[in-house]
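Below you'll find the structure, written out as structure tokens, and then a few comments.
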Amino acid sequence: MYFWFGFRSEVSFCIGTHLIPHPNKVERGGEDAFFVSNFKGGVIAVADGVSGWAEQNVDPSLFSKEIMANASSLVGNLEVNYDPQILIRKAHAATCSKGSATAIVAMLERNGTMKVASVGDCGLRVIRKGQIIFSTTPQEHYFDCPYQLSSELVGQTYLDAVVSSVELVEGDTIVMGSDGLFDNVFDGEIVSTLAAHSDVVEAAKALAKLASNHSLDSRFDSPYTIEARSKGLDVPFWKKILGMKLTGGKLDDITVIVGQVVSSAASPQPT
């Protein structure tokens with residue numbers, strides 16, 4: 001999918017997106033959800049439905065899809081005041097589905113200021129001249145249990161969001177994604193993939209495909225398994241004696257949004 005955002009503002013996002021569902025969830029389209037908006041400089045967001053709800057016969061995708069639909073409809077709300085943390089609050093409050101999800105929202109001002117609010121382990125990177133200049137930090141209760149917005153009182157709220165502000169300039173690239181991207185692709189691979197694909201649509205597809213390939217590779221030493229080992233999770237002791245260790249990617253839904261910051265003197269021209 002391809003979007004061009006510009007309203008005679010100083011800068012705006014040119015966005016490409018790609019989603020690859022978990023191999024076992026293709027028929028349902030996976031449990032991730034996202035939206036993009038051309039409001040002001042551009043708004044992007046990702047939510048990742050928590051799969052554990054399936055054990056209670058609850059479709060985990062319903063919550064993530066509804067909260068993203070609500071957020072999309074509230075982007076221009078006066079009470080939101082173009083604040084991603086308030087957008088999360090109002091979208092969460094309007095969500096009726098049972099379940100929970102991690103979520104991240106980024107809103108670009110026309111002057112280049114990008115505001116970000118995140119609950120959980122969806123992520124965002126800002127790349128400038130081949131270097132990552134900003135990264136969000138995942139929030140976890142413990143390994144593989146991220147902070148999450150929930151239909152239940154035990155979950156987190158907008159008050160738990162990590163809120164950031166980044167000054168962007170023309171030529172910067174942002175990469176936003178669910179943990180299916182960042183659990184399987186290293187930051188260095190993100191930078192090199194962007195260097196090989198100048199088109200944002202192709203870059204999003206390439207990153208999603210790379211994450212998918214890594215997730216299916218039992219021998220790949222992924223960011224996910226490296227973190228798991230750091231938390232004390234590994235193969236049995238007898239395998240360690242043989243020189244073996246826990247490896248492999250993480251099968252998951254994979255959502256990738258790649259945005260390039262462009263001068264937006266022209267009218268929007270979606271294709």
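Chain identifiers are assigned as A, B, and so on, following the order in which chains appear in the structure tokens; residues are numbered from 1 within each chain, and ligands are numbered from 1 in order of appearance.
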- Neighbour list for stretch 137-146 of chain A as a ChimeraX atom specification, cut-off 7 Å, only C-alpha atoms, skip fewer than 5 positions in-chain: /A:119-121
Fill in: Within 10 Å of stretch 147-158 of chain A using only C-alpha atoms, minus same-chain residues under 2 positions, as number ranges by chain
A: 47-50, 63-64, 67, 84-93, 95-103, 117-121, 138-142, 144-145, 160-163
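Considering only C-alpha atoms, the residue among A:Val261, A:Ala204, A:Ala94, A:Ile254 positioned nearest to A:Pro21 is A:Ile254.
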- Message: Just want the 10 Å neighbourhood of A:Tyr82, counted on only C-alpha atoms, with same-chain residues fewer than 3 positions away dropped. Output as a list in words.
- Response: Phe39, Lys40, Val43, Leu74, Val75, Gly76, Asn77, Leu78, Glu79, Gln85, Ile86, Leu87, Ala106, Met107, Leu108, Glu109 and Lys115 of chain A
Let's have the selection written as a short mmCIF file (atom, residue, chain, number, x, y, z; two decimals), in the first residue's frame, with N, CA, C and O atoms.
```
data_model
loop_
_atom_site.label_atom_id
_atom_site.label_comp_id
_atom_site.auth_asym_id
_atom_site.auth_seq_id
_atom_site.Cartn_x
_atom_site.Cartn_y
_atom_site.Cartn_z
N PHE A 39 -3.82 13.54 8.23
CA PHE A 39 -4.11 14.73 9.02
C PHE A 39 -2.81 15.44 9.38
O PHE A 39 -1.85 14.82 9.85
N LYS A 40 -2.78 16.75 9.15
CA LYS A 40 -1.57 17.56 9.35
C LYS A 40 -0.39 16.91 8.62
O LYS A 40 -0.47 16.60 7.45
N VAL A 43 -0.21 10.83 10.43
CA VAL A 43 -0.34 10.05 11.66
C VAL A 43 -0.24 8.57 11.30
O VAL A 43 -0.86 8.12 10.34
N LEU A 74 -10.63 9.44 15.56
CA LEU A 74 -10.47 10.50 16.55
C LEU A 74 -9.27 11.41 16.29
O LEU A 74 -9.02 12.34 17.07
N VAL A 75 -8.54 11.16 15.22
CA VAL A 75 -7.30 11.91 14.96
C VAL A 75 -7.53 13.43 14.99
O VAL A 75 -6.73 14.18 15.56
N GLY A 76 -8.61 13.88 14.38
CA GLY A 76 -8.87 15.31 14.31
C GLY A 76 -9.72 15.86 15.44
O GLY A 76 -10.09 17.04 15.42
N ASN A 77 -10.01 15.02 16.44
CA ASN A 77 -10.85 15.44 17.56
C ASN A 77 -10.21 16.59 18.32
O ASN A 77 -9.02 16.57 18.63
N LEU A 78 -11.00 17.62 18.64
CA LEU A 78 -10.46 18.80 19.31
C LEU A 78 -9.89 18.46 20.68
O LEU A 78 -8.89 19.03 21.11
N GLU A 79 -10.52 17.53 21.40
CA GLU A 79 -10.03 17.16 22.72
C GLU A 79 -8.71 16.40 22.65
O GLU A 79 -7.91 16.45 23.58
N GLN A 85 -0.76 10.61 23.14
CA GLN A 85 -1.13 10.00 24.41
C GLN A 85 -2.64 10.15 24.67
O GLN A 85 -3.31 9.21 25.11
N ILE A 86 -3.19 11.32 24.36
CA ILE A 86 -4.62 11.54 24.52
C ILE A 86 -5.40 10.74 23.48
O ILE A 86 -6.50 10.23 23.76
N LEU A 87 -4.84 10.60 22.30
CA LEU A 87 -5.49 9.77 21.27
C LEU A 87 -5.61 8.33 21.76
O LEU A 87 -6.65 7.69 21.59
N ALA A 106 2.31 7.66 16.33
CA ALA A 106 3.22 8.78 16.03
C ALA A 106 2.47 9.82 15.21
O ALA A 106 1.77 9.48 14.26
N MET A 107 2.62 11.09 15.60
CA MET A 107 1.93 12.18 14.93
C MET A 107 2.95 13.24 14.53
O MET A 107 3.70 13.74 15.38
N LEU A 108 2.99 13.56 13.23
CA LEU A 108 3.97 14.51 12.72
C LEU A 108 3.34 15.90 12.58
O LEU A 108 2.32 16.07 11.92
N GLU A 109 3.98 16.88 13.22
CA GLU A 109 3.57 18.26 13.04
C GLU A 109 4.14 18.78 11.73
O GLU A 109 5.17 18.29 11.24
N LYS A 115 5.57 13.53 17.55
CA LYS A 115 5.23 13.10 18.90
C LYS A 115 4.87 11.63 18.86
O LYS A 115 4.14 11.18 17.98
#
```
Q) What's the 10 Å shell around A:Phe186, counting only C-alpha atoms, without same-chain residues fewer than 2 positions away, as a list in words? A) Leu181, Phe182, Asp183, Asn184, Gly188, Glu189, Ile190, Val191, Ala211, Ser222, Pro223 and Tyr224 of chain A
In terms of only C-alpha atoms, the residue from A:Pro23, A:Gly259, A:Gly171, A:Gly16 at minimal distance from A:Ser215 is A:Pro23
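Residue nearest A:Asn38, chosen from A:Lys231, A:Ser264, A:Asp221, A:Ser198 and counting only C-alpha atoms: A:Ser264.
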Write out as a PDB file with N, CA and C atoms, in the first residue's frame each polymer residue whose atoms come within 8 Å of A:Ile44, counting only C-alpha atoms; drop sequence neighbours fewer than 3 positions from it.
```
ATOM      1  N   PHE A  34      -3.320  -1.647  12.026  1.00  0.00           N
ATOM      2  CA  PHE A  34      -2.614  -0.380  11.900  1.00  0.00           C
ATOM      3  C   PHE A  34      -3.510   0.615  11.174  1.00  0.00           C
ATOM      4  N   PHE A  35      -3.133   1.886  11.240  1.00  0.00           N
ATOM      5  CA  PHE A  35      -3.789   2.885  10.401  1.00  0.00           C
ATOM      6  C   PHE A  35      -2.804   3.981  10.050  1.00  0.00           C
ATOM      7  N   VAL A  36      -3.075   4.660   8.970  1.00  0.00           N
ATOM      8  CA  VAL A  36      -2.328   5.854   8.573  1.00  0.00           C
ATOM      9  C   VAL A  36      -3.344   6.942   8.259  1.00  0.00           C
ATOM     10  N   SER A  37      -2.983   8.170   8.532  1.00  0.00           N
ATOM     11  CA  SER A  37      -3.866   9.309   8.293  1.00  0.00           C
ATOM     12  C   SER A  37      -3.069  10.445   7.691  1.00  0.00           C
ATOM     13  N   VAL A 105       1.600   5.107  18.628  1.00  0.00           N
ATOM     14  CA  VAL A 105       1.064   6.155  17.757  1.00  0.00           C
ATOM     15  C   VAL A 105       2.134   7.218  17.562  1.00  0.00           C
ATOM     16  N   ALA A 106       2.315   7.662  16.326  1.00  0.00           N
ATOM     17  CA  ALA A 106       3.219   8.777  16.025  1.00  0.00           C
ATOM     18  C   ALA A 106       2.471   9.815  15.213  1.00  0.00           C
ATOM     19  N   MET A 107       2.625  11.089  15.597  1.00  0.00           N
ATOM     20  CA  MET A 107       1.926  12.180  14.933  1.00  0.00           C
ATOM     21  C   MET A 107       2.948  13.238  14.531  1.00  0.00           C
ATOM     22  N   ILE A 257       5.618  -0.297   8.904  1.00  0.00           N
ATOM     23  CA  ILE A 257       5.305   0.987   8.279  1.00  0.00           C
ATOM     24  C   ILE A 257       6.619   1.726   8.086  1.00  0.00           C
TER      25      ILE A 257
END
```
- request: Determine which residues of stretch 21-253 of chain A receive a DSSP assignment of helix (DSSP H, G or I), computed from the backbone, and state them as a PyMOL selection string.
  value: chain A and resi 23-25+51-56+60-74+84-93+158-160+179-182+187-196+200-215+223-230+237-241
Q | Shell around A:Lys129 at 12 Å using only C-alpha atoms, local window under 6 positions removed, as a PyMOL selection string | A | chain A and resi 169-174+191-192+194-195
task: Would you mind writing down, as number ranges by chain, each residue of stretch 66-208 of chain A that DSSP on the backbone assigns to strand (DSSP E)?
output: A: 100-108, 113-119, 123-128, 131-135, 140-142, 145-146, 149-150, 162-167, 173-177
From atom CA of A:Arg125 to atom CA of A:Arg110 the spacing works out at 19.5 Å
